[in-house]
>>> print(open('protein09.cif').read())   # mmCIF, C-alpha atoms
data_my_file
#
loop_
_atom_site.label_atom_id
_atom_site.label_comp_id
_atom_site.auth_asym_id
_atom_site.auth_seq_id
_atom_site.Cartn_x
_atom_site.Cartn_y
_atom_site.Cartn_z
CA MET A 24 18.56 8.61 -8.47
CA SER A 25 19.19 11.99 -10.00
CA LYS A 26 17.73 15.12 -8.51
CA TYR A 27 15.88 15.73 -11.76
CA GLY A 28 14.46 12.23 -11.73
CA LEU A 29 13.04 12.64 -8.25
CA LYS A 30 11.28 15.88 -9.11
CA THR A 31 9.49 14.50 -12.17
CA CYS A 32 6.75 11.92 -12.37
CA ASN A 33 8.55 8.59 -12.32
CA PRO A 34 7.47 4.98 -11.68
CA ILE A 35 8.95 4.90 -8.18
CA LYS A 36 7.13 8.03 -7.07
CA VAL A 37 3.87 6.93 -8.71
CA SER A 38 4.09 3.47 -7.14
CA THR A 39 4.77 4.91 -3.70
CA VAL A 40 1.86 7.34 -3.84
CA VAL A 41 -0.55 4.73 -5.22
CA LEU A 42 0.41 2.05 -2.68
CA ILE A 43 0.28 4.43 0.27
CA THR A 44 -3.06 5.86 -0.86
CA TYR A 45 -4.34 2.33 -1.45
CA SER A 46 -3.35 1.24 2.05
CA ALA A 47 -4.85 4.39 3.60
CA ILE A 48 -8.18 3.76 1.85
CA ILE A 49 -8.25 0.27 3.35
CA GLY A 50 -7.53 1.95 6.69
CA ILE A 51 -10.53 4.23 6.18
CA ILE A 52 -12.71 1.19 5.53
CA HIS A 53 -11.51 -0.28 8.84
CA GLY A 54 -12.31 2.99 10.58
CA ILE A 55 -15.80 3.28 9.11
CA GLY A 56 -16.55 -0.30 10.11
CA GLU A 57 -15.48 0.48 13.66
CA ILE A 58 -17.51 3.69 13.78
CA LEU A 59 -20.59 1.74 12.70
CA GLN A 60 -20.09 -0.34 15.85
CA ALA A 61 -20.38 2.75 18.04
CA GLY A 62 -21.36 1.90 21.58
CA SER A 63 -19.48 -1.40 21.54
CA THR A 64 -16.23 -2.20 23.30
CA SER A 65 -13.76 -5.05 23.03
CA ASN A 66 -12.39 -7.17 25.85
CA SER A 67 -9.04 -7.53 24.07
CA ASN A 68 -6.75 -5.54 21.83
CA LEU A 69 -7.76 -7.70 18.86
CA ILE A 70 -10.88 -6.22 17.29
CA TYR A 71 -12.89 -6.78 14.12
CA ALA A 72 -13.76 -3.71 12.09
CA ILE A 73 -16.80 -5.46 10.61
CA HIS A 74 -19.05 -7.23 13.07
CA VAL A 75 -19.62 -10.85 12.01
CA ALA A 76 -20.82 -13.87 13.93
CA ASP A 77 -17.92 -16.10 12.83
CA PRO A 78 -14.88 -14.41 11.21
CA ASP A 79 -13.54 -17.78 10.02
CA GLN A 80 -16.58 -18.20 7.78
CA ILE A 81 -16.26 -14.83 6.05
CA TRP A 82 -13.70 -14.15 3.33
CA HIS A 83 -12.59 -10.82 4.83
CA ALA A 84 -12.54 -12.36 8.34
CA GLY A 85 -14.28 -9.29 9.73
CA LEU A 86 -11.22 -7.13 8.95
CA PRO A 87 -9.18 -7.98 12.06
CA ALA A 88 -7.14 -5.21 13.62
CA PHE A 89 -5.19 -4.28 16.73
CA SER A 90 -6.22 -1.33 18.86
CA LEU A 91 -4.97 0.13 22.11
CA ILE A 92 -8.41 1.66 22.65
CA PRO A 93 -11.23 -0.83 23.33
CA ASP A 94 -13.97 1.62 22.33
CA PHE A 95 -14.92 1.06 18.67
CA LEU A 96 -16.17 4.60 18.05
CA ILE A 97 -12.98 6.25 19.29
CA SER A 98 -10.76 3.74 17.46
CA GLY A 99 -12.73 4.26 14.27
CA ILE A 100 -12.53 8.05 14.38
CA ILE A 101 -8.78 7.98 15.06
CA THR A 102 -8.25 5.44 12.28
CA VAL A 103 -10.13 7.54 9.73
CA LEU A 104 -8.29 10.73 10.72
CA ILE A 105 -4.87 9.06 10.53
CA SER A 106 -5.74 7.52 7.15
CA ILE A 107 -6.81 10.88 5.73
CA ALA A 108 -3.63 12.48 7.07
CA ILE A 109 -1.60 9.75 5.35
CA ILE A 110 -3.28 10.39 2.00
CA VAL A 111 -2.64 14.12 2.24
CA PHE A 112 0.92 13.55 3.45
CA ALA A 113 1.79 11.09 0.66
CA ASN A 114 0.33 13.17 -2.16
CA LEU A 115 1.56 16.62 -1.09
CA LEU A 116 4.77 16.03 0.86
CA ILE A 117 6.40 13.07 -0.83
CA GLU A 118 9.28 15.21 -2.08
CA SER A 119 9.81 17.02 1.21
CA ASN A 120 12.19 16.09 4.00
CA TYR A 121 9.17 15.39 6.22
CA PHE A 122 8.33 12.29 4.19
CA LYS A 123 10.76 10.26 6.31
CA PHE A 124 8.27 10.54 9.18
CA LEU A 125 5.45 8.90 7.23
CA PRO A 126 6.22 5.34 8.48
CA LEU A 127 5.38 6.60 11.98
CA PHE A 128 1.86 7.40 10.80
CA PHE A 129 1.44 3.79 9.76
CA VAL A 130 2.66 2.63 13.15
CA LEU A 131 -0.08 4.80 14.67
CA LEU A 132 -2.56 3.39 12.17
CA PHE A 133 -1.70 -0.10 13.35
CA LEU A 134 -1.97 0.81 17.02
CA PHE A 135 -5.41 2.39 16.72
CA GLY A 136 -7.41 -0.03 14.60
CA GLY A 137 -6.16 0.37 11.02
CA GLY A 138 -5.69 -3.34 10.49
CA PHE A 139 -2.60 -5.31 9.55
CA VAL A 140 -2.38 -5.06 5.76
CA PRO A 141 -2.47 -1.23 5.46
CA PRO A 142 0.47 -0.66 7.87
CA PHE A 143 2.48 -3.42 6.15
CA ILE A 144 2.02 -2.00 2.65
CA GLY A 145 2.42 1.58 3.84
CA ILE A 146 5.61 0.99 5.80
CA ILE A 147 7.41 -1.00 3.10
CA SER A 148 6.36 1.53 0.43
CA SER A 149 7.43 4.63 2.35
CA ILE A 150 10.70 3.12 3.60
CA TYR A 151 11.42 1.84 0.09
CA TYR A 152 11.03 5.33 -1.34
CA ILE A 153 13.21 6.84 1.38
CA ILE A 154 16.00 4.33 0.72
CA VAL A 155 15.80 4.25 -3.08
CA GLY A 156 15.66 8.02 -3.22
CA LYS A 157 19.19 8.14 -1.86
CA SER A 158 20.65 5.39 -4.03
CA SER A 159 21.87 5.14 -7.59
CA LEU A 160 19.52 3.44 -10.01
CA ASN A 161 21.71 3.23 -13.08
CA ILE A 162 21.54 -0.23 -14.64
CA GLU A 163 24.32 -1.44 -16.90
CA GLN A 164 23.19 -3.59 -19.81
CA PRO A 165 19.73 -4.54 -18.52
CA SER A 166 18.93 -8.18 -19.11
CA PHE A 167 15.86 -9.48 -20.88
CA LEU A 168 14.31 -10.45 -17.55
CA ARG A 169 14.82 -6.96 -16.11
CA LYS A 170 13.31 -5.38 -19.19
CA LEU A 171 10.34 -7.73 -19.00
CA ILE A 172 9.69 -6.97 -15.31
CA ALA A 173 10.03 -3.24 -16.02
CA LYS A 174 7.43 -3.48 -18.81
CA LEU A 175 5.05 -5.28 -16.45
CA TRP A 176 5.07 -2.37 -13.99
CA ILE A 177 2.07 -0.51 -15.41
CA PHE A 178 0.06 -3.73 -15.61
CA LEU A 179 0.91 -4.69 -12.02
CA ILE A 180 -0.13 -1.33 -10.61
CA SER A 181 -3.30 -1.30 -12.73
CA PHE A 182 -4.17 -4.80 -11.53
CA LEU A 183 -3.78 -3.71 -7.91
CA ILE A 184 -6.17 -0.80 -8.43
CA LEU A 185 -8.73 -3.01 -10.20
CA TRP A 186 -8.43 -5.84 -7.70
CA PHE A 187 -9.50 -3.74 -4.74
CA PRO A 188 -13.16 -3.18 -5.81
CA SER A 189 -13.27 -6.50 -7.67
CA SER A 190 -12.40 -8.49 -4.55
CA TRP A 191 -15.40 -7.04 -2.69
CA ILE A 192 -17.72 -7.56 -5.65
CA ILE A 193 -16.62 -11.19 -6.00
CA GLY A 194 -16.98 -11.66 -2.25
CA TRP A 195 -20.51 -10.28 -2.38
CA ILE A 196 -21.64 -12.38 -5.36
CA PHE A 197 -19.64 -15.57 -4.65
CA PRO A 198 -18.93 -15.53 -0.88
CA ALA A 199 -18.15 -19.27 -0.63
CA PHE A 200 -15.68 -19.16 -3.53
CA ARG A 201 -14.05 -15.99 -2.22
CA LEU A 202 -13.60 -17.66 1.16
CA GLN A 203 -11.89 -20.67 -0.43
CA ILE A 204 -9.31 -18.53 -2.19
CA SER A 205 -8.91 -15.95 0.60
CA SER A 206 -5.55 -17.28 1.83
CA ALA A 207 -4.09 -17.42 -1.68
CA THR A 208 -5.34 -13.94 -2.59
CA PHE A 209 -4.01 -12.53 0.68
CA ILE A 210 -0.50 -13.78 -0.07
CA MET A 211 -0.65 -12.83 -3.74
CA PHE A 212 -2.31 -9.40 -3.63
CA ASP A 213 -1.48 -8.10 -0.15
CA ILE A 214 2.14 -9.22 0.05
CA ILE A 215 3.66 -10.31 -3.28
CA LEU A 216 1.94 -7.79 -5.58
CA PRO A 217 2.93 -4.61 -3.65
CA ILE A 218 6.53 -5.78 -3.42
CA SER A 219 6.53 -6.71 -7.12
CA ILE A 220 5.23 -3.25 -8.03
CA LEU A 221 8.08 -1.56 -6.16
CA VAL A 222 10.70 -3.85 -7.73
CA ALA A 223 9.30 -3.32 -11.22
CA ALA A 224 9.13 0.45 -10.67
CA LYS A 225 12.77 0.59 -9.69
CA LEU A 226 13.82 -1.43 -12.72
CA LYS A 227 11.71 0.67 -15.05
CA PHE A 228 13.04 3.95 -13.74
CA GLY A 229 16.61 2.66 -13.79
CA ILE A 230 16.36 1.49 -17.40
CA VAL A 231 14.69 4.72 -18.55
CA ASP A 232 17.33 6.73 -16.69
CA LEU A 233 20.09 4.70 -18.34
CA TYR A 234 18.66 5.19 -21.82
CA LYS A 235 18.21 8.89 -21.13
CA HIS A 236 21.90 9.26 -20.29
CA GLU A 237 22.92 7.24 -23.36
CA ARG A 238 20.71 9.37 -25.58
CA PHE A 239 22.10 12.70 -24.42
CA GLU A 240 25.66 11.55 -23.88
CA PRO A 241 27.92 13.67 -26.13
CA SER A 242 29.78 11.78 -28.81
CA ILE A 243 33.59 11.82 -28.76
#
>>> encode(input="protein09.cif", output="structure tokens")
Amino acid sequence: MSKYGLKTCNPIKVSTVVLITYSAIIGIIHGIGEILQAGSTSNSNLIYAIHVADPDQIWHAGLPAFSLIPDFLISGIITVLISIAIIVFANLLIESNYFKFLPLFFVLLFLFGGGFVPPFIGIISSIYYIIVGKSSLNIEQPSFLRKLIAKLWIFLISFLILWFPSSWIIGWIFPAFRLQISSATFIMFDIILPISILVAAKLKFGIVDLYKHERFEPSI
């Protein structure tokens, strides 16, 4: 990736910021749910950010999480603070050398009640940006499939943003249906979609970068 490419708004940078912010917002939701359970403690390191009688009967399963601190109030406050720090970090320091420390914030988020999905998405997104930022993205003769995936990038990232509020609305209106498809949506939207966004972003930036070089390449 060229130095110029990294300092301008490009699909890889946009995808990284959006995914990290998205995961941090989910972390904040975990933290708020834990704060609302102030005064309660857990007998194990596995906690549920939202108090429910039977997690298996709720589509969000009570937002399970791991926490080293059994006190819900303390875990919730730490989770919210770490999530806010991640949002600020990702949006203001993504181009700095300090960005390589961001995965550690997600490790802390996992250890103090931020859930399982936010650390997963945050770690793969930040590490992906760190690695891709030091590699060459030039693509020689992009195939039809690569072009197609690159064109889908904006739709994939838009779908992720729209899915977040929609999933809660559907769960509120049709709780039984949302529970039935919870496993499928978890795999599709929490694992496959974030990875697909990063892959599509890399292809899109690589193809645009290639065409840019071809356009300005001096004729002989």
>>> closest_residue(input="protein09.cif", among="A:His74, A:His53, A:Lys174, A:His83", to="Trp191 of chain A", atoms="only C-alpha atoms")
A:His83
>>> closest_residue(input="protein09.cif", among="A:Ile81, A:Ala173, A:Ala47, A:Ala72", to="Ser98 of chain A", atoms="all atoms listed in the file")
A:Ala72
>>> residues_around(input="protein09.cif", residues="Ile180 of chain A", least_positions_apart="4", cutoff="10 Å", atoms="only C-alpha atoms", output="PDB file with C-alpha atoms, in the frame of the given file")
ATOM      1  CA  PRO A  34       7.470   4.980 -11.680  1.00  0.00           C
ATOM      2  CA  VAL A  37       3.870   6.930  -8.710  1.00  0.00           C
ATOM      3  CA  SER A  38       4.090   3.470  -7.140  1.00  0.00           C
ATOM      4  CA  VAL A  41      -0.550   4.730  -5.220  1.00  0.00           C
ATOM      5  CA  LEU A  42       0.410   2.050  -2.680  1.00  0.00           C
ATOM      6  CA  LEU A 175       5.050  -5.280 -16.450  1.00  0.00           C
ATOM      7  CA  TRP A 176       5.070  -2.370 -13.990  1.00  0.00           C
ATOM      8  CA  ILE A 184      -6.170  -0.800  -8.430  1.00  0.00           C
ATOM      9  CA  LEU A 185      -8.730  -3.010 -10.200  1.00  0.00           C
ATOM     10  CA  TRP A 186      -8.430  -5.840  -7.700  1.00  0.00           C
ATOM     11  CA  LEU A 216       1.940  -7.790  -5.580  1.00  0.00           C
ATOM     12  CA  PRO A 217       2.930  -4.610  -3.650  1.00  0.00           C
ATOM     13  CA  SER A 219       6.530  -6.710  -7.120  1.00  0.00           C
ATOM     14  CA  ILE A 220       5.230  -3.250  -8.030  1.00  0.00           C
ATOM     15  CA  LEU A 221       8.080  -1.560  -6.160  1.00  0.00           C
ATOM     16  CA  ALA A 223       9.300  -3.320 -11.220  1.00  0.00           C
ATOM     17  CA  ALA A 224       9.130   0.450 -10.670  1.00  0.00           C
TER      18      ALA A 224
END
>>> closest_atom_pairs(input="protein09.cif", of="segment 80-113 of chain A", to="segment 138-154 of chain A", cutoff="12 Å", atoms="all atoms listed in the file", output="tab-separated table")
residue	atom	partner	partner_atom	distance
A:His83	CA	A:Gly138	CA	11.6
A:Ala84	CA	A:Gly138	CA	11.5
A:Gly85	CA	A:Gly138	CA	10.5
A:Leu86	CA	A:Gly138	CA	6.9
A:Pro87	CA	A:Gly138	CA	6.0
A:Ala88	CA	A:Gly138	CA	3.9
A:Phe89	CA	A:Gly138	CA	6.3
A:Ser90	CA	A:Gly138	CA	8.6
A:Ser98	CA	A:Gly138	CA	11.2
A:Gly99	CA	A:Gly138	CA	11.0
A:Thr102	CA	A:Gly138	CA	9.3
A:Val103	CA	A:Gly138	CA	11.8
A:Ile105	CA	A:Pro142	CA	11.4
A:Ser106	CA	A:Pro141	CA	9.5
A:Ile109	CA	A:Gly145	CA	9.2
A:Ile110	CA	A:Gly145	CA	10.7
A:Phe112	CA	A:Ser149	CA	11.1
A:Ala113	CA	A:Ser149	CA	8.7
>>> write_last_selection(input="protein09.cif", atoms="C-alpha atoms", output="PDB file, in the coordinates of the input")
ATOM      1  CA  HIS A  83     -12.590 -10.820   4.830  1.00  0.00           C
ATOM      2  CA  ALA A  84     -12.540 -12.360   8.340  1.00  0.00           C
ATOM      3  CA  GLY A  85     -14.280  -9.290   9.730  1.00  0.00           C
ATOM      4  CA  LEU A  86     -11.220  -7.130   8.950  1.00  0.00           C
ATOM      5  CA  PRO A  87      -9.180  -7.980  12.060  1.00  0.00           C
ATOM      6  CA  ALA A  88      -7.140  -5.210  13.620  1.00  0.00           C
ATOM      7  CA  PHE A  89      -5.190  -4.280  16.730  1.00  0.00           C
ATOM      8  CA  SER A  90      -6.220  -1.330  18.860  1.00  0.00           C
ATOM      9  CA  SER A  98     -10.760   3.740  17.460  1.00  0.00           C
ATOM     10  CA  GLY A  99     -12.730   4.260  14.270  1.00  0.00           C
ATOM     11  CA  THR A 102      -8.250   5.440  12.280  1.00  0.00           C
ATOM     12  CA  VAL A 103     -10.130   7.540   9.730  1.00  0.00           C
ATOM     13  CA  ILE A 105      -4.870   9.060  10.530  1.00  0.00           C
ATOM     14  CA  SER A 106      -5.740   7.520   7.150  1.00  0.00           C
ATOM     15  CA  ILE A 109      -1.600   9.750   5.350  1.00  0.00           C
ATOM     16  CA  ILE A 110      -3.280  10.390   2.000  1.00  0.00           C
ATOM     17  CA  PHE A 112       0.920  13.550   3.450  1.00  0.00           C
ATOM     18  CA  ALA A 113       1.790  11.090   0.660  1.00  0.00           C
TER      19      ALA A 113
END
>>> atom_distance(input="protein09.cif", atom1="atom CA of Pro78 of chain A", atom2="atom CA of Phe187 of chain A")
19.9 Å
>>> atom_distance(input="protein09.cif", atom1="atom CA of Ile100 of chain A", atom2="atom CA of Ala61 of chain A")
10.2 Å
>>> closest_residue(input="protein09.cif", among="A:Trp82, A:Gly56, A:Val130, A:Leu226", to="Ile192 of chain A", atoms="all atoms listed in the file")
A:Trp82
>>> atom_distance(input="protein09.cif", atom1="atom CA of Ile49 of chain A", atom2="atom CA of Asn120 of chain A")
25.9 Å
>>> resolve_selection(input="protein09.cif", expression="the PyMOL selection byres ((chain A and resi 200-205) around 10)", output="PDB file with C-alpha atoms, in the frame of the given file")
ATOM      1  CA  ASP A  79     -13.540 -17.780  10.020  1.00  0.00           C
ATOM      2  CA  GLN A  80     -16.580 -18.200   7.780  1.00  0.00           C
ATOM      3  CA  ILE A  81     -16.260 -14.830   6.050  1.00  0.00           C
ATOM      4  CA  TRP A  82     -13.700 -14.150   3.330  1.00  0.00           C
ATOM      5  CA  HIS A  83     -12.590 -10.820   4.830  1.00  0.00           C
ATOM      6  CA  ALA A  84     -12.540 -12.360   8.340  1.00  0.00           C
ATOM      7  CA  SER A 190     -12.400  -8.490  -4.550  1.00  0.00           C
ATOM      8  CA  TRP A 191     -15.400  -7.040  -2.690  1.00  0.00           C
ATOM      9  CA  ILE A 192     -17.720  -7.560  -5.650  1.00  0.00           C
ATOM     10  CA  ILE A 193     -16.620 -11.190  -6.000  1.00  0.00           C
ATOM     11  CA  GLY A 194     -16.980 -11.660  -2.250  1.00  0.00           C
ATOM     12  CA  TRP A 195     -20.510 -10.280  -2.380  1.00  0.00           C
ATOM     13  CA  ILE A 196     -21.640 -12.380  -5.360  1.00  0.00           C
ATOM     14  CA  PHE A 197     -19.640 -15.570  -4.650  1.00  0.00           C
ATOM     15  CA  PRO A 198     -18.930 -15.530  -0.880  1.00  0.00           C
ATOM     16  CA  ALA A 199     -18.150 -19.270  -0.630  1.00  0.00           C
ATOM     17  CA  SER A 206      -5.550 -17.280   1.830  1.00  0.00           C
ATOM     18  CA  ALA A 207      -4.090 -17.420  -1.680  1.00  0.00           C
ATOM     19  CA  THR A 208      -5.340 -13.940  -2.590  1.00  0.00           C
ATOM     20  CA  PHE A 209      -4.010 -12.530   0.680  1.00  0.00           C
ATOM     21  CA  ILE A 210      -0.500 -13.780  -0.070  1.00  0.00           C
ATOM     22  CA  MET A 211      -0.650 -12.830  -3.740  1.00  0.00           C
TER      23      MET A 211
END
>>> closest_residue(input="protein09.cif", among="A:Phe167, A:Phe228, A:Phe135, A:Phe178", to="Leu91 of chain A", atoms="all atoms listed in the file")
A:Phe135
>>> closest_residue(input="protein09.cif", among="A:Val155, A:Ile101, A:Lys170, A:Leu116", to="Ile35 of chain A", atoms="only C-alpha atoms")
A:Val155
>>> closest_residue(input="protein09.cif", among="A:Lys36, A:Gly137, A:Ile215, A:Phe122", to="Ile55 of chain A", atoms="all atoms listed in the file")
A:Gly137
